[in-house]
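Below: one structure, written as structure tokens.
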Amino acid sequence: MMKKSWEVRSGDREVLLDLDARGEAHATDGYGSLQNGDFFPLRCFSAAASKCHVHGDDPINLHCTTRDNQPVSKMGNYFRDGRTKIDFVLVWEIRSRSKRRGKGKSNGNCEDGESAQLAEWRDKFVQNLQSAGLLLEKEESANEKKTIHFLKVSAPWDVLVYYAEELCLRAPLQAQQHLDLNTSSVVLKRLCVPNIMMESVPNRPLDYYTCAFHKSKMNRFLGSEDQDSYFTNTQRHQVVYEILARTVYGKRKRTEVGVDRLVNEGAYTAAYPLHEGPFKLLSHEINPDELNQRQVLHYYWARWCKWFKYQPLDHIREYFGEKIALYFAWLGFYTAWLLPAAIVGTLVFVSGVMSMDTNTPAEDICNSGATYPMCPLCKTCDAWNMSDICTMAKLGYLFDHPGTVFFSVFMSFWAVTFLEFWKRKMATLAHHWDCMDFHEEEERPRPEFAATAPTVEENPVTGVKEPYFPEKTRLSRMFTGSMVIVLMLCVVIIFLVTVVMCRGVISVMMYQSGSPVLRTEAGTIANICSSIVNLGFILVMGQVYTALAEQLTKWEMHRTQTQHDNAFTLKVFIFQFVNFYSSPFYVAFFKGRFVGYPTNYGTLFGMRNEDCGPGGCLIELAEQLFIIMVGKQLINNIQEFIIPKVKAWRQKRTLAKVLGDNEQDEPRRWEEDYKLVPCVGLFEEYLEMVLQFGFITIFVAAFPLAPLFALLNNWVEIRLDAHKFVCEYRRPVAERAQNIGVWFNILEALSHLSVVANAFLIAFTSDFLPRLLYQYKFRNDLNGYVNFTLAYAPLNYTDYPRCRYKAFRDNDGMYTLFYWELLAVRLGFIIAFEHVVFFVLRAIDWIVPDVPESLELKIKRERYLAKQALAENQEALLQATCPLD
């Protein structure tokens, strides 16, 4: 009996998977089935499919009617009957026959100007969608040159119910009180402080205890009697997209399956769910409860005047899905945590400004006159007096005083604590949005993989044949790709060396100009110019490498989209890490370390190695960080503001040419959405923020204002991204997710790297430890410290035999005892710093659980309700456990 049942269901699946244009079914296992190998049986859809009938010879020209066969006028995204919801839209463009007259014969439904193969694929795909029970209706917009076809797709109740169970969608069991997930809101409420960030947003989605949907338990779920509103619009288009992504349109052996591949092949130009309506308010007197979801998001979230308000995360999740909502939740959480870091950093910077006059070494330099004649900085340069750098010595104190050391320690603790509390926040949101137990099921192969895989083999999990690529060949390709990455990294290092040499040339030119001002500021001018050039190179190379990494990742033939995305993310991040951080790393840890001394200077390609500027390496590092970090943020924000508008303008212009005078007063939603820009995902947004996180944690000792600039940028970034998703992007397909994926691992790696980097920055780049050791051994007031840090040139340095240079060396160029004592102190500080921070990190990890205690209680309550709701027969269960005498 079991075998016979399986044969019947398998046959039904084959009808759906590979129904050709004549309706013939093939009888072998196919690729594209759901996780258990079954599709919804065709016979179950007969009632739904009977509502639609075909007009004319066009198999796509379907018109669905209402029960009384009379069209109903109704506002919203509906078919012409006014009752059938539009869940998805497929679009394709065809040049009109009049433009191609006399250049070939028309082939069936294929119009001249496009391949007959594409038309055949579309016809077969549409027939298989009908077999799956989807309802279809076609609209056209045309002029004498082009026709744009819009195929509206809807899923009837029976299809939704079946796939809701197959996709493990969550169904409501019991309503619960809305929880305030904003920690700051809870704290302010307890302190009885007015919260200006709080705002009542209308139509907030209800919160429920939920469990996985089961058709047989329909009566146990809340609202199941209302078929029109039981499934949200987001759930509806998730189901439809799942069917579109798994439906065959060509030869099964060639794995020609899914709407994504059809778009890539050019059979369709776009495939998207519809926005809920216009985002602009028609009248300011409208009742807030009457706003559609898109208007709510625009009015209460995407406008600039809402920069200080909490984000309506529940509304974002309801409209865009968990994956996008988690990005905005993370971005908002990160921005909120930047506030204390920005305050502390600003206070540290202000304290440095106020204490500049108390800097004894700087005052000693300014009052030295000709006391300290310094050795020339190049072969053709003259000697100079240390008093010439008085201004830079004072400015250097802003970035190298005890407060900056404290701030670097503070930011190391901040980074690891931020990630620990984000894990708690992420767990709370995952449960609140019913995706805590979500794990991606056995993923289907990517369309590009399916199209190019050389062989087909049986999947050991699903038991169906799928495209296969030999693992050994993939590993060899990945190794080759890694060699390309290494080559590109070498290009970055070569350019860094070029920038260093360019900086040296500019400095020499400034010294030889004869101008006292240019001579004094030569290092600063050279550093700023090279940083600007470096920023331009970084941005150009970033674009080039991203395109290269995308091609390399495709060439590696990763089977699933998750594997493909993770490989691509890792490639781009490794390159961008070196691309953005190589120059700051050089200034922070290598510049001035290999200078040598008079008569024995170190050289690179015949040019003397760079030494730190008059104010020290930290002020040069601060200049570089400001130019690279802030410059990149400004350029990115301008691009994010302008580029989507330009793309949308071009798309609207193209569609306006087709509509011409036929454009209606009441625009149709599918046409309005087709004018928008396709959503390209969240990769660029995550990459930008993660790189920013590295800047404010790894090099924060040199630039205390970095968190402030990051905070200001993120306030703008949230509204820019919100405006793009609500107003300028087509609505993306909602995706489920329980975390931010591989980006969290990258953030953890950066936070740990920041601890090590800050320890070395304080120990070797800052003057904090040399001053501290001098105070301990000699004078607490630092008088004489400048003279102590300057060595005399060796006697055989004939040009300027008594000139000075900065080093702890004797008259013969050998290191003094103080140098070795200082080296021991530096190494001891690094070891102590790292052990203390990592110990506190482990303590925080142990003290602060990843899942809050209140959330654990909710999870247990939800599991109990699910167990009660899914019990087959409560009385029978009780009798089985407690039998009567």
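Letters for chains follow the order of the structure tokens (A, B, ...), residue numbers begin at 1 for each chain, and ligand numbers begin at 1 in the order shown.
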
Using only C-alpha atoms, which residues sit within 7 Å of range 527-535 of chain A once same-chain residues fewer than 3 positions away are excluded, as a PyMOL selection string? chain A and resi 499+503+523-524+538-539+620+623-624+627-628

Just-selected residues, N, CA and C atoms written as a PDB file, in the first residue's frame:
```
ATOM      1  N   VAL A 499      53.295  54.626  -3.383  1.00  0.00           N
ATOM      2  CA  VAL A 499      52.808  55.777  -2.626  1.00  0.00           C
ATOM      3  C   VAL A 499      53.862  56.241  -1.620  1.00  0.00           C
ATOM      4  N   ARG A 503      55.578  59.798  -1.612  1.00  0.00           N
ATOM      5  CA  ARG A 503      55.567  60.681  -0.445  1.00  0.00           C
ATOM      6  C   ARG A 503      56.962  61.204  -0.145  1.00  0.00           C
ATOM      7  N   GLY A 523      56.310  67.190   5.573  1.00  0.00           N
ATOM      8  CA  GLY A 523      55.793  65.852   5.873  1.00  0.00           C
ATOM      9  C   GLY A 523      54.280  65.796   5.860  1.00  0.00           C
ATOM     10  N   THR A 524      53.636  66.835   6.429  1.00  0.00           N
ATOM     11  CA  THR A 524      52.176  66.869   6.480  1.00  0.00           C
ATOM     12  C   THR A 524      51.570  66.967   5.082  1.00  0.00           C
ATOM     13  N   ILE A 538      42.221  53.003  -3.818  1.00  0.00           N
ATOM     14  CA  ILE A 538      41.439  52.027  -3.049  1.00  0.00           C
ATOM     15  C   ILE A 538      40.055  51.844  -3.658  1.00  0.00           C
ATOM     16  N   LEU A 539      39.394  52.942  -3.988  1.00  0.00           N
ATOM     17  CA  LEU A 539      38.038  52.858  -4.530  1.00  0.00           C
ATOM     18  C   LEU A 539      38.033  52.197  -5.907  1.00  0.00           C
ATOM     19  N   GLU A 620      50.208  61.279  11.830  1.00  0.00           N
ATOM     20  CA  GLU A 620      50.127  60.890  10.414  1.00  0.00           C
ATOM     21  C   GLU A 620      49.070  59.806  10.221  1.00  0.00           C
ATOM     22  N   GLU A 623      45.697  61.439  10.248  1.00  0.00           N
ATOM     23  CA  GLU A 623      45.406  62.093   8.972  1.00  0.00           C
ATOM     24  C   GLU A 623      44.946  61.080   7.930  1.00  0.00           C
ATOM     25  N   GLN A 624      45.637  59.945   7.859  1.00  0.00           N
ATOM     26  CA  GLN A 624      45.256  58.922   6.888  1.00  0.00           C
ATOM     27  C   GLN A 624      43.874  58.357   7.188  1.00  0.00           C
ATOM     28  N   ILE A 627      41.132  60.866   6.173  1.00  0.00           N
ATOM     29  CA  ILE A 627      40.929  60.983   4.725  1.00  0.00           C
ATOM     30  C   ILE A 627      40.298  59.715   4.155  1.00  0.00           C
ATOM     31  N   ILE A 628      40.822  58.547   4.539  1.00  0.00           N
ATOM     32  CA  ILE A 628      40.327  57.288   3.955  1.00  0.00           C
ATOM     33  C   ILE A 628      38.933  56.957   4.473  1.00  0.00           C
TER      34      ILE A 628
END
```

Using DSSP assignments from the backbone, pull out every residue in range 223-381 of chain A that falls under strand (DSSP E) and give it to me as an MDAnalysis selection string. chainID A and resid 270:272 373:374

Contacts of Ala749 in chain A at 12 Å (only C-alpha atoms; same-chain gap of 3+ positions) as a PDB file with N, CA and C atoms, in the first residue's frame:
```pdb
ATOM      1  N   ALA A 415      34.341  46.750  21.858  1.00  0.00           N
ATOM      2  CA  ALA A 415      34.132  45.897  20.690  1.00  0.00           C
ATOM      3  C   ALA A 415      33.648  44.508  21.093  1.00  0.00           C
ATOM      4  N   VAL A 416      34.318  43.906  22.075  1.00  0.00           N
ATOM      5  CA  VAL A 416      33.936  42.538  22.444  1.00  0.00           C
ATOM      6  C   VAL A 416      32.602  42.533  23.188  1.00  0.00           C
ATOM      7  N   LEU A 419      29.606  42.843  20.671  1.00  0.00           N
ATOM      8  CA  LEU A 419      29.252  41.602  19.984  1.00  0.00           C
ATOM      9  C   LEU A 419      28.543  40.624  20.908  1.00  0.00           C
ATOM     10  N   PHE A 573      36.196  40.426   1.122  1.00  0.00           N
ATOM     11  CA  PHE A 573      36.618  41.021   2.392  1.00  0.00           C
ATOM     12  C   PHE A 573      38.126  40.929   2.573  1.00  0.00           C
ATOM     13  N   ILE A 574      38.733  39.788   2.222  1.00  0.00           N
ATOM     14  CA  ILE A 574      40.189  39.664   2.359  1.00  0.00           C
ATOM     15  C   ILE A 574      40.886  40.735   1.529  1.00  0.00           C
ATOM     16  N   PHE A 577      40.167  44.225   2.964  1.00  0.00           N
ATOM     17  CA  PHE A 577      40.908  44.410   4.219  1.00  0.00           C
ATOM     18  C   PHE A 577      42.323  44.896   3.915  1.00  0.00           C
ATOM     19  N   VAL A 690      31.133  46.888   7.975  1.00  0.00           N
ATOM     20  CA  VAL A 690      32.165  46.053   8.598  1.00  0.00           C
ATOM     21  C   VAL A 690      33.540  46.699   8.453  1.00  0.00           C
ATOM     22  N   PHE A 693      33.687  49.348  10.991  1.00  0.00           N
ATOM     23  CA  PHE A 693      33.925  48.755  12.316  1.00  0.00           C
ATOM     24  C   PHE A 693      35.419  48.506  12.525  1.00  0.00           C
ATOM     25  N   GLY A 694      36.117  48.058  11.482  1.00  0.00           N
ATOM     26  CA  GLY A 694      37.556  47.852  11.601  1.00  0.00           C
ATOM     27  C   GLY A 694      38.307  49.140  11.836  1.00  0.00           C
ATOM     28  N   THR A 697      37.942  50.383  15.521  1.00  0.00           N
ATOM     29  CA  THR A 697      38.431  49.509  16.587  1.00  0.00           C
ATOM     30  C   THR A 697      39.932  49.252  16.471  1.00  0.00           C
ATOM     31  N   ILE A 698      40.427  49.009  15.256  1.00  0.00           N
ATOM     32  CA  ILE A 698      41.835  48.634  15.112  1.00  0.00           C
ATOM     33  C   ILE A 698      42.751  49.834  15.335  1.00  0.00           C
ATOM     34  N   VAL A 742      27.778  35.076   7.862  1.00  0.00           N
ATOM     35  CA  VAL A 742      29.234  35.068   7.964  1.00  0.00           C
ATOM     36  C   VAL A 742      29.780  36.417   8.428  1.00  0.00           C
ATOM     37  N   TRP A 743      28.984  37.474   8.317  1.00  0.00           N
ATOM     38  CA  TRP A 743      29.454  38.796   8.745  1.00  0.00           C
ATOM     39  C   TRP A 743      29.732  38.837  10.239  1.00  0.00           C
ATOM     40  N   PHE A 744      28.988  38.066  11.041  1.00  0.00           N
ATOM     41  CA  PHE A 744      29.249  38.059  12.481  1.00  0.00           C
ATOM     42  C   PHE A 744      30.625  37.461  12.766  1.00  0.00           C
ATOM     43  N   ASN A 745      30.994  36.412  12.039  1.00  0.00           N
ATOM     44  CA  ASN A 745      32.321  35.821  12.230  1.00  0.00           C
ATOM     45  C   ASN A 745      33.418  36.815  11.868  1.00  0.00           C
ATOM     46  N   ILE A 746      33.186  37.596  10.806  1.00  0.00           N
ATOM     47  CA  ILE A 746      34.165  38.614  10.422  1.00  0.00           C
ATOM     48  C   ILE A 746      34.280  39.688  11.491  1.00  0.00           C
ATOM     49  N   HIS A 752      38.830  40.817  17.786  1.00  0.00           N
ATOM     50  CA  HIS A 752      40.018  40.208  18.390  1.00  0.00           C
ATOM     51  C   HIS A 752      41.288  40.822  17.827  1.00  0.00           C
ATOM     52  N   LEU A 753      41.286  41.111  16.525  1.00  0.00           N
ATOM     53  CA  LEU A 753      42.451  41.768  15.929  1.00  0.00           C
ATOM     54  C   LEU A 753      42.654  43.152  16.522  1.00  0.00           C
ATOM     55  N   SER A 754      41.563  43.837  16.846  1.00  0.00           N
ATOM     56  CA  SER A 754      41.686  45.189  17.398  1.00  0.00           C
ATOM     57  C   SER A 754      42.390  45.180  18.749  1.00  0.00           C
ATOM     58  N   VAL A 755      42.176  44.136  19.532  1.00  0.00           N
ATOM     59  CA  VAL A 755      42.854  44.043  20.827  1.00  0.00           C
ATOM     60  C   VAL A 755      44.364  43.965  20.615  1.00  0.00           C
ATOM     61  N   VAL A 756      44.793  43.087  19.710  1.00  0.00           N
ATOM     62  CA  VAL A 756      46.227  42.932  19.436  1.00  0.00           C
ATOM     63  C   VAL A 756      46.792  44.213  18.826  1.00  0.00           C
TER      64      VAL A 756
END
```

Expressed in Å to a single decimal, how great is the separation between CA of Gly345 in chain A and CA of Val700 in chain A?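 Between these atoms lies a distance of 8.9 Å.
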
Could you check the closest approach to Leu244 in chain A for each of A:Glu322, A:Ala132, A:Gly277, A:Gln738 and tell me which residue wins, using only C-alpha atoms?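 Going through A:Glu322, A:Ala132, A:Gly277, A:Gln738 one by one, the smallest distance to Leu244 in chain A is for A:Ala132.
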
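The space between CA of Leu262 in chain A and CA of Glu457 in chain A spans 22.8 Å.
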
Set out as a tab-separated table a contact list for range 295-335 of chain A and range 193-204 of chain A with a cut-off of 6 Å, giving each residue of range 295-335 of chain A that qualifies its closest atom pair and distance in Å to one decimal, counting only C-alpha atoms, ordered by chain and rising residue number.
```
residue	atom	partner	partner_atom	distance
A:Phe308	CA	A:Met197	CA	5.8
A:Lys309	CA	A:Met197	CA	4.3
A:Tyr310	CA	A:Met197	CA	5.7
```

Would you mind exporting C-alpha atoms of the selected residues as a short mmCIF file (atom, residue, chain, number, x, y, z; two decimals), in the first residue's frame?
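Written out: part-v3.cif:
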```
data_model
loop_
_atom_site.label_atom_id
_atom_site.label_comp_id
_atom_site.auth_asym_id
_atom_site.auth_seq_id
_atom_site.Cartn_x
_atom_site.Cartn_y
_atom_site.Cartn_z
CA PHE A 308 16.23 60.12 16.09
CA LYS A 309 13.31 57.66 16.26
CA TYR A 310 13.42 53.92 16.87
#
```

Name all residues at most 12 Å from Ala336 in chain A (count only C-alpha atoms; drop same-chain ones fewer than 5 positions away) and give them as an MDAnalysis selection string. chainID A and resid 182:184 197 307:311 329:331 341:343 418 422 707:708 710:712 714:715 718

Would you pick out the contacts of range 134-141 of chain A at 6 Å or less, using only C-alpha atoms, so that residues sharing its chain but fewer than 2 positions from it are not included, and give the list as a PyMOL selection string? chain A and resi 61-63+129-130+132+147-155

Could you save the residues just selected, with all heavy atoms, as a compact mmCIF listing (two decimals), in the first residue's frame?
```
# COMPACT_ATOMS: atom_id res chain seq x y z
N ASN A 61 -2.40 33.98 -22.05
CA ASN A 61 -3.45 34.98 -21.96
C ASN A 61 -4.63 34.43 -21.19
O ASN A 61 -5.66 34.05 -21.74
CB ASN A 61 -3.87 35.41 -23.37
CG ASN A 61 -4.70 36.68 -23.35
OD1 ASN A 61 -4.71 37.37 -22.34
ND2 ASN A 61 -5.35 36.97 -24.45
N LEU A 62 -4.45 34.34 -19.87
CA LEU A 62 -5.46 33.76 -19.00
C LEU A 62 -6.22 34.86 -18.29
O LEU A 62 -5.65 35.87 -17.89
CB LEU A 62 -4.78 32.85 -17.96
CG LEU A 62 -3.84 31.79 -18.53
CD1 LEU A 62 -3.20 31.04 -17.39
CD2 LEU A 62 -4.57 30.86 -19.46
N HIS A 63 -7.49 34.64 -18.09
CA HIS A 63 -8.30 35.62 -17.37
C HIS A 63 -9.11 34.88 -16.33
O HIS A 63 -9.85 33.96 -16.64
CB HIS A 63 -9.24 36.36 -18.33
CG HIS A 63 -8.50 37.12 -19.38
ND1 HIS A 63 -7.84 38.29 -19.13
CD2 HIS A 63 -8.29 36.85 -20.70
CE1 HIS A 63 -7.26 38.73 -20.24
NE2 HIS A 63 -7.54 37.87 -21.21
N LEU A 129 3.41 26.10 -14.57
CA LEU A 129 2.85 26.89 -13.48
C LEU A 129 1.35 26.64 -13.34
O LEU A 129 0.82 26.55 -12.23
CB LEU A 129 3.11 28.38 -13.73
CG LEU A 129 4.57 28.86 -13.66
CD1 LEU A 129 4.63 30.35 -13.89
CD2 LEU A 129 5.19 28.51 -12.32
N GLN A 130 0.65 26.52 -14.49
CA GLN A 130 -0.77 26.18 -14.43
C GLN A 130 -0.96 24.81 -13.79
O GLN A 130 -1.88 24.61 -13.00
CB GLN A 130 -1.37 26.18 -15.84
CG GLN A 130 -1.44 27.55 -16.49
CD GLN A 130 -1.92 27.43 -17.92
OE1 GLN A 130 -1.15 27.57 -18.86
NE2 GLN A 130 -3.20 27.15 -18.08
N ALA A 132 0.85 23.52 -11.61
CA ALA A 132 1.08 23.66 -10.18
C ALA A 132 -0.09 24.32 -9.47
O ALA A 132 -0.09 24.44 -8.25
CB ALA A 132 2.34 24.49 -9.94
N THR A 147 6.84 45.82 -27.17
CA THR A 147 5.71 45.39 -26.35
C THR A 147 6.25 44.84 -25.04
O THR A 147 7.15 44.00 -25.03
CB THR A 147 4.89 44.30 -27.06
OG1 THR A 147 4.40 44.81 -28.30
CG2 THR A 147 3.71 43.88 -26.20
N ILE A 148 5.71 45.34 -23.94
CA ILE A 148 6.09 44.85 -22.61
C ILE A 148 4.94 44.01 -22.07
O ILE A 148 3.81 44.49 -21.96
CB ILE A 148 6.41 46.01 -21.65
CG1 ILE A 148 7.53 46.88 -22.22
CG2 ILE A 148 6.81 45.47 -20.28
CD1 ILE A 148 7.88 48.06 -21.34
N HIS A 149 5.23 42.76 -21.76
CA HIS A 149 4.23 41.82 -21.26
C HIS A 149 4.39 41.69 -19.75
O HIS A 149 5.51 41.51 -19.25
CB HIS A 149 4.39 40.45 -21.91
CG HIS A 149 4.24 40.47 -23.40
ND1 HIS A 149 3.03 40.23 -24.03
CD2 HIS A 149 5.14 40.71 -24.39
CE1 HIS A 149 3.20 40.31 -25.34
NE2 HIS A 149 4.48 40.60 -25.59
N PHE A 150 3.29 41.75 -19.03
CA PHE A 150 3.26 41.55 -17.58
C PHE A 150 2.39 40.34 -17.29
O PHE A 150 1.20 40.34 -17.60
CB PHE A 150 2.69 42.78 -16.87
CG PHE A 150 3.49 44.03 -17.06
CD1 PHE A 150 3.22 44.90 -18.13
CD2 PHE A 150 4.51 44.37 -16.19
CE1 PHE A 150 3.94 46.06 -18.31
CE2 PHE A 150 5.24 45.53 -16.37
CZ PHE A 150 4.96 46.38 -17.42
N LEU A 151 2.99 39.31 -16.71
CA LEU A 151 2.24 38.11 -16.33
C LEU A 151 2.03 38.13 -14.82
O LEU A 151 2.98 38.01 -14.04
CB LEU A 151 2.99 36.85 -16.73
CG LEU A 151 2.28 35.52 -16.40
CD1 LEU A 151 0.96 35.42 -17.15
CD2 LEU A 151 3.17 34.33 -16.73
N LYS A 152 0.77 38.32 -14.41
CA LYS A 152 0.44 38.37 -12.98
C LYS A 152 0.18 36.96 -12.48
O LYS A 152 -0.52 36.18 -13.13
CB LYS A 152 -0.78 39.26 -12.76
CG LYS A 152 -0.56 40.70 -13.20
CD LYS A 152 -1.82 41.54 -13.08
CE LYS A 152 -2.81 41.21 -14.16
NZ LYS A 152 -3.98 42.12 -14.16
N VAL A 153 0.76 36.63 -11.34
CA VAL A 153 0.70 35.27 -10.79
C VAL A 153 0.05 35.33 -9.42
O VAL A 153 0.38 36.20 -8.60
CB VAL A 153 2.11 34.66 -10.68
CG1 VAL A 153 2.03 33.21 -10.20
CG2 VAL A 153 2.84 34.74 -12.01
N SER A 154 -0.85 34.38 -9.15
CA SER A 154 -1.52 34.31 -7.86
C SER A 154 -1.61 32.87 -7.40
O SER A 154 -1.76 31.95 -8.23
CB SER A 154 -2.92 34.92 -7.95
OG SER A 154 -3.58 34.82 -6.70
N ALA A 155 -1.50 32.66 -6.11
CA ALA A 155 -1.61 31.32 -5.53
C ALA A 155 -2.95 31.19 -4.81
O ALA A 155 -3.23 31.96 -3.90
CB ALA A 155 -0.47 31.05 -4.55
```

Nearest to Asp767 in chain A: which of A:Val91, A:Val405, A:Leu489, A:Val680 is it, counting only C-alpha atoms?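 Ranked by minimum distance to Asp767 in chain A, first place goes to A:Val405.
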
Using only C-alpha atoms, which of the listed residues (A:Leu655, A:Leu625, A:Leu326, A:Ile365) sits closest to Ile696 in chain A? A:Leu625

Quick one: residues within 9 Å of Phe469 in chain A, only C-alpha atoms counted, chain neighbours fewer than 6 positions away excluded, as a PyMOL selection string? chain A and resi 449+453-456+557-559

Can you work out which one of A:Asn739, A:Gln692, A:Phe839, A:Asn780 has the shortest atom-to-atom distance to Thr428 in chain A, counting only C-alpha atoms? A:Asn739

Please run DSSP on the backbone and report, as a PyMOL selection string, all residues within range 617-721 of chain A that come out as helix (DSSP H, G or I). chain A and resi 617-662+669-674+683-698+700-702+706-721
